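Notes follow once the structure below has been shown.
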Amino acid sequence: MRKTAEYDGKRRIPGPKPGRPRREVMKVTAKERALAMLNRRDYSRAELLRRLVEKGEDEAAAAEAVERLAELGFVDDARYAPLIVRHYAAKGYGAQRVRMELQKRGIPRELWDAAMEEMPVQDDAIDRLLRAKLKSDAPDRAELKRATDALLRKGYGWDEIKSAVARYHGETEGLD
C-alpha cells in the first residue's frame with residue numbers, strides 16, 4: 001500500500017490524500033478525465049462511459065461522472081445525434097450507414113428519428129459518387145455491379161441506388 005506520496009529519486013509519485021477513501025479519489029479522476037475528453041470533442045453518454053472504463057476508470061465512478069456531466073449539460077445525446085448525422089451525410093454516407101454510426105456511438109434509438117430529420121436529400125451526393133465510380137458512358141454489368149456495391153457500402157438503400165442508376169442512364173442517353 002502506498003503512502004500519501006513516494007519519491008523515486010527523480011519525481012514525487014502522488015497517492016491518495018490522507019483521510020480520503022480511494023473510491024472518492026477515483027470519482028474526481030473520472031470527472032477530470034471526462035472533462036478533458038469532452039474538451040477535445042463531443043461524446044454520447046454511452047460512448048463517454050465506455051471510453052472512461054477503457055482508460056482504466058472504475059465503472060461506478062465513471063458512470064457517476066457521466067451522469068453529473070449530463071446533468072450539467074456537458075453531455076447531451078439529443079444535441080450530439082444531429083451532429084453525427086450532419087457529419088456523416090457531409091462525408092457522402094447514406095441513411096443506413098448513418099444509423100449504424102448512431103447505434104455504434106450508443107445514441108438511444110428514440111433520438112434517431114429527430115436526428116435523421118437533419119439528413120439532407122442525398123440525390124446529388126449519390127449521383128456524384130456513381131459518376132465517379134463509373135468510368136465509361138456505357139458501363140458493362142461488372143462495372144455497374146462494382147459501383148452499386150460501393151454505394152451499398154456507403155449506406156445507400158436499393159431504391160436510392162436504382163433511382164441514381166436510372167438518372168445516370170438518362171444523362172448518358174442525352175449525350176448521344
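Residue numbers start at 1 in each chain; chains themselves are named A, B, ... in the order of the C-alpha cells; ligands are numbered from 1 in the order shown.
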Would you return as a ChimeraX atom specification the members of region 30-167 of chain A that DSSP assigns to helix (DSSP H, G or I) on this structure's backbone? /A:30-40,45-54,59-71,77-90,95-104,109-116,123-133,141-153,158-167
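Excluding region 133-137 of chain A itself and any same-chain residue fewer than 6 positions from it, the protein and nucleic acid residues within 8 Å of it, counting only C-alpha atoms, are Glu143, Leu144, Arg146, Ala147 and Thr172 of chain A.
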Can those selected residues be exported to a file as an mmCIF file, in the first residue's frame so that it contains C-alpha atoms?
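What ended up in part_21.cif:
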data_model
loop_
_atom_site.group_PDB
_atom_site.id
_atom_site.type_symbol
_atom_site.label_atom_id
_atom_site.label_comp_id
_atom_site.auth_asym_id
_atom_site.auth_seq_id
_atom_site.Cartn_x
_atom_site.Cartn_y
_atom_site.Cartn_z
ATOM 1 C CA GLU A 143 -18.557 -2.133 -63.682
ATOM 2 C CA LEU A 144 -22.156 -1.308 -62.721
ATOM 3 C CA ARG A 146 -18.839 -2.606 -58.551
ATOM 4 C CA ALA A 147 -20.347 0.866 -58.467
ATOM 5 C CA THR A 172 -25.753 9.398 -70.795
#
Give me the residues near Val121 (chain A) as a PyMOL selection string, where near means some atom within 12 Å (using only C-alpha atoms) and where sequence neighbours in that chain fewer than 4 positions away do not count.
chain A and resi 86+89-90+92-95+116-117+125-127+156+160
Calculate how many Å separate CA of Ala150 (chain A) from CA of Lys91 (chain A), rounding to one decimal.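 Straight-line distance from CA of Ala150 (chain A) to CA of Lys91 (chain A) works out to 14.1 Å.
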Quiz item: So which residues touch Arg41 (chain A) within 12 Å, counting only C-alpha atoms, skipping near sequence neighbours fewer than 3 positions away, as an MDAnalysis selection string?
Solution: chainID A and resid 34:38 44 47:48 74:75 80 83:84
Show which residues sit within 6 Å of region 52-62 of chain A, as a PyMOL selection string. Count only C-alpha atoms, and ignore same-chain residues fewer than 2 positions away. chain A and resi 27+30+49-50+64-65
Prev. selection, N, CA and C atoms, output as a PDB file, in the first residue's frame:
ATOM      1  N   LYS A  27     -13.469   9.067  -8.341  1.00  0.00           N
ATOM      2  CA  LYS A  27     -14.563   9.874  -8.894  1.00  0.00           C
ATOM      3  C   LYS A  27     -14.033  11.192  -9.426  1.00  0.00           C
ATOM      4  N   ALA A  30     -12.190  10.485 -12.583  1.00  0.00           N
ATOM      5  CA  ALA A  30     -13.097  10.180 -13.692  1.00  0.00           C
ATOM      6  C   ALA A  30     -13.721  11.461 -14.241  1.00  0.00           C
ATOM      7  N   LEU A  49     -18.845   6.889 -21.296  1.00  0.00           N
ATOM      8  CA  LEU A  49     -18.720   5.889 -20.238  1.00  0.00           C
ATOM      9  C   LEU A  49     -17.784   4.759 -20.670  1.00  0.00           C
ATOM     10  N   ARG A  50     -17.995   4.254 -21.882  1.00  0.00           N
ATOM     11  CA  ARG A  50     -17.148   3.165 -22.397  1.00  0.00           C
ATOM     12  C   ARG A  50     -15.686   3.603 -22.471  1.00  0.00           C
ATOM     13  N   GLU A  64     -20.970   7.675 -12.550  1.00  0.00           N
ATOM     14  CA  GLU A  64     -21.360   8.838 -11.757  1.00  0.00           C
ATOM     15  C   GLU A  64     -20.856  10.135 -12.400  1.00  0.00           C
ATOM     16  N   ALA A  65     -19.650  10.110 -12.919  1.00  0.00           N
ATOM     17  CA  ALA A  65     -19.092  11.295 -13.578  1.00  0.00           C
ATOM     18  C   ALA A  65     -19.894  11.642 -14.829  1.00  0.00           C
TER      19      ALA A  65
END
Please provide as a list in words all residues within 10 Å of Gly157 (chain A), with the sequence filter that same-chain residues fewer than 2 positions apart are discarded (counting only C-alpha atoms). Gly94, Ala95, Gln96, Arg97, Thr148, Leu151, Leu152, Arg153, Lys154, Gly155, Asp159, Glu160, Ile161 and Lys162 of chain A
Counting only C-alpha atoms, the residue among A:Lys145, A:Arg167, A:Arg45, A:Lys104 that lies closest to Gly73 (chain A) is A:Arg45
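Considering the residues A:Arg105, A:Arg68, A:Arg131, A:His169 and counting only C-alpha atoms, Glu32 (chain A) has its shortest atom-to-atom contact with A:Arg68.
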Using only C-alpha atoms, the shortest atom-to-atom distance to Val66 (chain A) among A:Leu111, A:Ala138, A:Ala164, A:Ala46 belongs to A:Ala46
Of A:Asp113, A:Asp123, A:Asp149, A:Asp42, the one sitting nearest Asp76 (chain A) when using only C-alpha atoms is A:Asp42
Counting only C-alpha atoms, the residue of A:Met119, A:Ala166, A:Thr29, A:Ala63 that sits nearest Ala81 (chain A):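 Using only C-alpha atoms, Ala81 (chain A) sits closest to A:Met119.
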